[in-house]
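Coordinates as given in input-v2.csv (CSV, C-alpha atoms):
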```
chain,number,residue,atom,x,y,z
A,25,MET,CA,-58.4,-46.3,69.4
A,26,ASN,CA,-59.4,-43.3,71.2
A,27,LEU,CA,-57.3,-40.3,72.2
A,28,GLN,CA,-59.0,-40.3,75.6
A,29,SER,CA,-58.0,-43.9,76.4
A,30,THR,CA,-55.6,-44.5,79.2
A,31,ASP,CA,-52.1,-45.4,78.3
A,32,PHE,CA,-52.7,-49.0,79.2
A,33,GLU,CA,-55.8,-49.2,77.0
A,34,LEU,CA,-54.0,-47.5,74.2
A,35,PHE,CA,-51.2,-50.1,74.4
A,36,GLY,CA,-53.6,-53.0,75.1
A,37,LEU,CA,-51.9,-53.7,78.5
A,38,THR,CA,-53.3,-54.7,81.8
A,39,GLN,CA,-53.5,-51.6,84.1
A,40,GLN,CA,-50.9,-52.6,86.6
A,41,PHE,CA,-47.4,-51.7,87.6
A,42,ALA,CA,-45.7,-54.9,86.6
A,43,GLN,CA,-45.0,-54.7,82.8
A,44,ASP,CA,-42.7,-56.5,80.5
A,45,ARG,CA,-40.5,-53.8,79.0
A,46,ALA,CA,-40.0,-55.8,75.8
A,47,VAL,CA,-43.8,-56.0,75.3
A,48,VAL,CA,-44.2,-52.3,75.9
A,49,ASP,CA,-41.4,-51.5,73.4
A,50,ALA,CA,-42.8,-53.9,70.8
A,51,ARG,CA,-46.3,-52.5,71.2
A,52,TRP,CA,-45.0,-48.9,70.8
A,53,LYS,CA,-43.3,-49.8,67.6
A,54,GLU,CA,-46.5,-51.4,66.3
A,55,LEU,CA,-48.6,-48.4,67.2
A,56,GLN,CA,-46.1,-46.0,65.7
A,57,ARG,CA,-46.2,-47.9,62.4
A,58,GLU,CA,-50.0,-47.8,62.4
A,59,ALA,CA,-50.2,-44.1,63.1
A,60,HIS,CA,-47.1,-42.8,61.2
A,61,PRO,CA,-48.2,-39.6,59.3
A,62,ASP,CA,-46.4,-40.8,56.1
A,63,LYS,CA,-49.0,-43.6,55.8
A,64,PHE,CA,-51.7,-41.0,55.4
A,65,ALA,CA,-50.0,-38.8,52.8
A,66,ALA,CA,-52.5,-39.8,50.2
A,67,HIS,CA,-55.4,-38.9,52.5
A,68,GLY,CA,-54.6,-35.2,52.7
A,69,ALA,CA,-53.4,-32.7,55.2
A,70,ALA,CA,-56.2,-33.3,57.7
A,71,ALA,CA,-55.5,-37.0,57.9
A,72,GLN,CA,-51.8,-36.3,58.4
A,73,ARG,CA,-52.6,-33.9,61.3
A,74,VAL,CA,-54.7,-36.5,63.0
A,75,ALA,CA,-52.0,-39.1,62.5
A,76,MET,CA,-49.5,-36.7,64.0
A,77,GLN,CA,-51.8,-36.2,67.0
A,78,TRP,CA,-51.9,-40.0,67.4
A,79,SER,CA,-48.1,-40.2,67.1
A,80,VAL,CA,-47.6,-37.6,69.8
A,81,ARG,CA,-50.2,-39.4,72.0
A,82,ILE,CA,-48.5,-42.8,71.5
A,83,ASN,CA,-45.1,-41.3,72.4
A,84,GLU,CA,-46.4,-39.7,75.5
A,85,ALA,CA,-48.0,-42.9,76.6
A,86,TYR,CA,-44.8,-44.8,75.9
A,87,GLN,CA,-42.7,-42.5,78.0
A,88,ARG,CA,-45.0,-43.1,81.0
A,89,LEU,CA,-45.3,-46.8,80.5
A,90,LYS,CA,-41.6,-47.6,79.9
A,91,ALA,CA,-40.3,-45.9,83.0
A,92,PRO,CA,-41.3,-47.6,86.3
A,93,LEU,CA,-41.4,-44.4,88.3
A,94,GLN,CA,-43.6,-42.6,85.8
A,95,ARG,CA,-45.8,-45.6,85.4
A,96,ALA,CA,-46.3,-45.8,89.2
A,97,ALA,CA,-47.2,-42.1,89.4
A,98,TYR,CA,-49.6,-42.5,86.5
A,99,LEU,CA,-51.3,-45.5,88.2
A,100,CYS,CA,-51.7,-43.5,91.4
A,101,GLU,CA,-53.2,-40.6,89.3
A,102,LEU,CA,-55.6,-43.0,87.6
A,103,ALA,CA,-56.8,-44.3,91.0
A,104,GLY,CA,-57.5,-40.8,92.2
A,105,SER,CA,-54.4,-40.4,94.3
A,106,PRO,CA,-52.1,-37.9,92.4
A,107,VAL,CA,-48.5,-37.6,93.6
A,108,ASN,CA,-48.5,-33.8,93.7
A,109,ALA,CA,-44.7,-33.8,94.0
A,110,HIS,CA,-44.5,-30.0,93.5
A,111,SER,CA,-47.0,-29.0,96.2
A,112,ASN,CA,-46.6,-31.9,98.7
A,113,THR,CA,-43.0,-32.0,99.9
A,114,ALA,CA,-43.5,-33.6,103.4
A,115,MET,CA,-41.4,-36.7,103.8
A,116,PRO,CA,-40.8,-39.1,106.7
A,117,ALA,CA,-38.0,-38.0,109.0
A,118,ALA,CA,-36.1,-41.3,108.6
A,119,PHE,CA,-36.1,-40.8,104.8
A,120,LEU,CA,-34.9,-37.3,105.1
A,121,MET,CA,-32.1,-38.4,107.4
A,122,GLN,CA,-31.0,-41.0,104.9
A,123,GLN,CA,-31.0,-38.3,102.2
A,124,MET,CA,-28.9,-36.0,104.3
A,125,GLN,CA,-26.4,-38.9,105.0
A,126,TRP,CA,-26.2,-39.6,101.3
A,127,ARG,CA,-25.6,-36.0,100.5
A,128,GLU,CA,-22.8,-35.8,103.1
A,129,GLU,CA,-21.2,-39.0,101.6
A,130,LEU,CA,-21.5,-37.5,98.2
A,131,ASP,CA,-19.8,-34.2,99.3
A,132,GLU,CA,-17.0,-36.1,101.0
A,133,ALA,CA,-16.4,-38.6,98.2
A,134,GLN,CA,-12.8,-38.4,97.1
A,135,CYS,CA,-12.6,-41.1,94.5
A,136,THR,CA,-14.7,-43.4,92.3
A,137,ASP,CA,-14.5,-46.2,94.9
A,138,ASP,CA,-16.3,-43.9,97.4
A,139,LEU,CA,-18.9,-43.1,94.7
A,140,ASP,CA,-19.3,-46.7,93.7
A,141,ALA,CA,-20.0,-47.7,97.3
A,142,LEU,CA,-22.6,-44.9,97.6
A,143,ARG,CA,-24.1,-46.0,94.2
A,144,GLU,CA,-24.5,-49.6,95.5
A,145,ASN,CA,-26.3,-48.4,98.5
A,146,VAL,CA,-28.6,-46.0,96.6
A,147,ASP,CA,-29.3,-48.7,93.9
A,148,ALA,CA,-30.2,-51.3,96.6
A,149,VAL,CA,-32.6,-48.9,98.4
A,150,GLN,CA,-34.2,-47.9,95.1
A,151,LYS,CA,-34.7,-51.5,94.0
A,152,ASP,CA,-36.3,-52.4,97.4
A,153,LEU,CA,-38.6,-49.4,97.2
A,154,LEU,CA,-39.6,-50.3,93.7
A,155,LEU,CA,-40.6,-53.7,94.9
A,156,VAL,CA,-42.6,-52.2,97.8
A,157,CYS,CA,-44.3,-49.8,95.3
A,158,ALA,CA,-45.1,-52.7,93.0
A,159,ARG,CA,-46.8,-54.6,95.8
A,160,GLN,CA,-48.7,-51.5,97.0
A,161,LEU,CA,-50.0,-51.0,93.5
A,162,ASP,CA,-50.6,-54.5,92.1
A,163,GLU,CA,-51.4,-56.5,95.2
A,164,LEU,CA,-52.7,-54.2,97.9
A,165,HIS,CA,-54.2,-51.5,95.7
A,166,ASP,CA,-53.0,-49.1,98.5
A,167,TYR,CA,-52.6,-46.0,96.3
A,168,GLY,CA,-52.0,-43.6,99.3
A,169,ALA,CA,-49.0,-45.7,100.4
A,170,ALA,CA,-47.9,-46.0,96.8
A,171,VAL,CA,-47.9,-42.2,96.5
A,172,GLN,CA,-45.5,-41.9,99.4
A,173,SER,CA,-43.3,-44.6,97.7
A,174,VAL,CA,-43.4,-42.8,94.4
A,175,ARG,CA,-42.4,-39.5,96.1
A,176,SER,CA,-39.5,-41.2,97.8
A,177,LEU,CA,-38.4,-42.8,94.5
A,178,MET,CA,-38.5,-39.3,93.0
A,179,PHE,CA,-36.0,-38.1,95.6
A,180,ILE,CA,-33.8,-41.1,95.0
A,181,GLU,CA,-33.9,-40.6,91.3
A,182,LYS,CA,-32.8,-37.0,91.7
A,183,PHE,CA,-30.0,-38.0,94.0
A,184,ALA,CA,-28.9,-40.8,91.6
A,185,HIS,CA,-28.7,-38.1,88.9
A,186,ASP,CA,-26.5,-36.0,91.1
A,187,LEU,CA,-24.4,-39.0,91.8
A,188,ASP,CA,-23.9,-39.5,88.1
A,189,LEU,CA,-22.8,-35.9,87.8
A,190,ALA,CA,-20.2,-36.5,90.5
A,191,PHE,CA,-18.9,-39.5,88.6
A,192,ASP,CA,-18.6,-37.3,85.5
A,193,LYS,CA,-16.6,-34.7,87.5
A,194,LEU,CA,-14.2,-37.3,88.8
A,195,GLU,CA,-13.6,-38.7,85.4
A,196,ILE,CA,-12.5,-35.4,83.9
```
Rewritten as structure tokens:
Amino acid sequence: MNLQSTDFELFGLTQQFAQDRAVVDARWKELQREAHPDKFAAHGAAAQRVAMQWSVRINEAYQRLKAPLQRAAYLCELAGSPVNAHSNTAMPAAFLMQQMQWREELDEAQCTDDLDALRENVDAVQKDLLLVCARQLDELHDYGAAVQSVRSLMFIEKFAHDLDLAFDKLEI
């Protein structure tokens, strides 16, 4: 193992969007067992520090690989097409209109039924866009288009979080 390996190399996975979460989880547990600092207690403080570095690196890779959105952004970055979500905020007009409509619906929601209907719509759009992103990454290798999909998914994920908060407020 090499600290400079990609997350996919570290986990022994094919570098692609489609991943089996159970396989990712199992591999993470295996790697954590191999690199746990307690295994190196008899080897001294330096060995334990190295094991700790490995443990941190494994956890960072796991966080990226287990989450579809983070995995997609990472694949784009590896292909030389970083998402740059903080500096590139331009989005298609139709997408922005959809976001504004969702925000209005969220603001006007009076009960959990209203929020449930909105959640179904958001979940459906998110699921469809994840499928598009998967195709862009794994079949078409169109990383520029995938960057746009990832950025859209980031907006949707943020809105879904706000929707969760609205549910919490209604339940109080």
Report task. Name the closest residue to Val174 of chain A among the candidates A:Ala70, A:Ala96, A:Leu102, A:Leu120; distances are taken between atoms, counting all atoms listed in the file. Result -> A:Ala96
Query raised in the report: Which one is closest to Asn145 of chain A: A:Phe32, A:Phe191, A:Trp126, A:Phe119? Count all atoms listed in the file.
Result: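 Going through A:Phe32, A:Phe191, A:Trp126, A:Phe119 one by one, the smallest distance to Asn145 of chain A is for A:Trp126.
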Query - Two-atom distance - atom CA of Gln94 of chain A, atom CA of Ser29 of chain A (Å) - result: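 That distance, rounded to one decimal, is 17.2 Å.
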Report summary line: One residue among A:Phe179, A:Trp52, A:Tyr167, A:Tyr86 is nearest to Met115 of chain A when using all atoms listed in the file, and that residue is A:Phe179
Query - Nearest to Pro92 of chain A by atom-to-atom distance, counting all atoms listed in the file, from A:Leu34, A:Val171, A:Cys157, A:Val80 - result: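 Checking each candidate against Pro92 of chain A, we get A:Cys157 as the closest.
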Query raised in the report: Quick one: of A:Cys135, A:Ala148, A:Ala169, A:Leu89, who's nearest to Pro106 of chain A, counting all atoms listed in the file?
Result: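 Nearest candidate to Pro106 of chain A out of A:Cys135, A:Ala148, A:Ala169, A:Leu89: A:Ala169.
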Requested in this report: Identify, on the basis of all atoms listed in the file, every residue whose closest approach to Pro116 of chain A does not exceed 12 Å; exclude the query and any residue fewer than 6 positions from it along the same chain; express the result as a PyMOL selection string.
Outcome: chain A and resi 122-123+172-173+175-176
Query raised in the report: Quick one: residues within 7 Å of segment 38-50 of chain A, all atoms listed in the file counted, chain neighbours fewer than 5 positions away excluded, as a VMD selection string?
Result: chain A and resid 32 90 95 to 96 158 161 to 162
Query raised in the report: Nearest to Gln125 of chain A among A:Ala71, A:Gln160, A:Phe183, A:Asp147, with distances taken over all atoms listed in the file: which residue is it?
Result: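 Using all atoms listed in the file, Gln125 of chain A sits closest to A:Phe183.
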Requested in this report: May I have the residues within 7 Å of Ser79 of chain A as a list in words, using all atoms listed in the file and disregarding those fewer than 6 positions away in the same chain?
Outcome: Gln56, Ala59 and His60 of chain A
Query raised in the report: If you measure from atom CA of Asn112 of chain A to atom CA of Ala97 of chain A, what distance in Å do you get, rounded to one decimal?
Result: 13.8 Å
Query raised in the report: In Å, with one decimal, what is the gap from atom CA of Leu55 of chain A to atom CA of Ala91 of chain A?
Result: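 Taking atom CA of Leu55 of chain A and atom CA of Ala91 of chain A, their separation equals 18.0 Å.
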Subset file as a compact mmCIF listing (two decimals), in the first residue's frame: segment 82-104 of chain A, N, CA and C atoms:
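Generated file (part_36.txt):
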```
# COMPACT_ATOMS: atom_id res chain seq x y z
N ILE A 82 -7.17 5.79 5.21
CA ILE A 82 -8.21 4.81 4.90
C ILE A 82 -9.59 5.40 5.15
N ASN A 83 -9.74 6.10 6.26
CA ASN A 83 -11.03 6.72 6.58
C ASN A 83 -11.41 7.81 5.59
N GLU A 84 -10.44 8.62 5.17
CA GLU A 84 -10.71 9.65 4.17
C GLU A 84 -11.17 9.01 2.86
N ALA A 85 -10.48 7.97 2.43
CA ALA A 85 -10.85 7.27 1.20
C ALA A 85 -12.25 6.67 1.33
N TYR A 86 -12.52 6.08 2.47
CA TYR A 86 -13.83 5.46 2.70
C TYR A 86 -14.96 6.49 2.59
N GLN A 87 -14.74 7.66 3.17
CA GLN A 87 -15.78 8.71 3.10
C GLN A 87 -16.07 9.10 1.65
N ARG A 88 -15.04 9.16 0.81
CA ARG A 88 -15.25 9.51 -0.60
C ARG A 88 -15.90 8.36 -1.37
N LEU A 89 -15.47 7.15 -1.10
CA LEU A 89 -15.95 6.01 -1.89
C LEU A 89 -17.37 5.59 -1.54
N LYS A 90 -17.77 5.76 -0.30
CA LYS A 90 -19.10 5.28 0.11
C LYS A 90 -20.23 6.20 -0.32
N ALA A 91 -19.94 7.46 -0.53
CA ALA A 91 -20.97 8.44 -0.88
C ALA A 91 -20.96 8.69 -2.39
N PRO A 92 -22.05 8.39 -3.07
CA PRO A 92 -22.07 8.55 -4.54
C PRO A 92 -21.65 9.94 -5.03
N LEU A 93 -22.14 10.97 -4.38
CA LEU A 93 -21.80 12.32 -4.82
C LEU A 93 -20.31 12.61 -4.65
N GLN A 94 -19.75 12.25 -3.53
CA GLN A 94 -18.33 12.47 -3.31
C GLN A 94 -17.49 11.60 -4.24
N ARG A 95 -17.95 10.38 -4.48
CA ARG A 95 -17.23 9.48 -5.40
C ARG A 95 -17.23 10.06 -6.81
N ALA A 96 -18.36 10.60 -7.25
CA ALA A 96 -18.45 11.19 -8.59
C ALA A 96 -17.52 12.40 -8.70
N ALA A 97 -17.52 13.26 -7.69
CA ALA A 97 -16.64 14.43 -7.72
C ALA A 97 -15.17 14.00 -7.74
N TYR A 98 -14.85 12.96 -6.99
CA TYR A 98 -13.47 12.45 -6.95
C TYR A 98 -13.05 11.89 -8.31
N LEU A 99 -13.94 11.16 -8.96
CA LEU A 99 -13.64 10.63 -10.28
C LEU A 99 -13.39 11.76 -11.28
N CYS A 100 -14.19 12.81 -11.21
CA CYS A 100 -13.98 13.96 -12.09
C CYS A 100 -12.61 14.58 -11.83
N GLU A 101 -12.27 14.72 -10.56
CA GLU A 101 -10.97 15.30 -10.19
C GLU A 101 -9.83 14.43 -10.71
N LEU A 102 -9.94 13.11 -10.54
CA LEU A 102 -8.90 12.20 -11.02
C LEU A 102 -8.73 12.29 -12.54
N ALA A 103 -9.81 12.61 -13.24
CA ALA A 103 -9.76 12.71 -14.70
C ALA A 103 -9.33 14.10 -15.17
N GLY A 104 -9.01 14.97 -14.22
CA GLY A 104 -8.55 16.31 -14.60
C GLY A 104 -9.66 17.31 -14.81
```
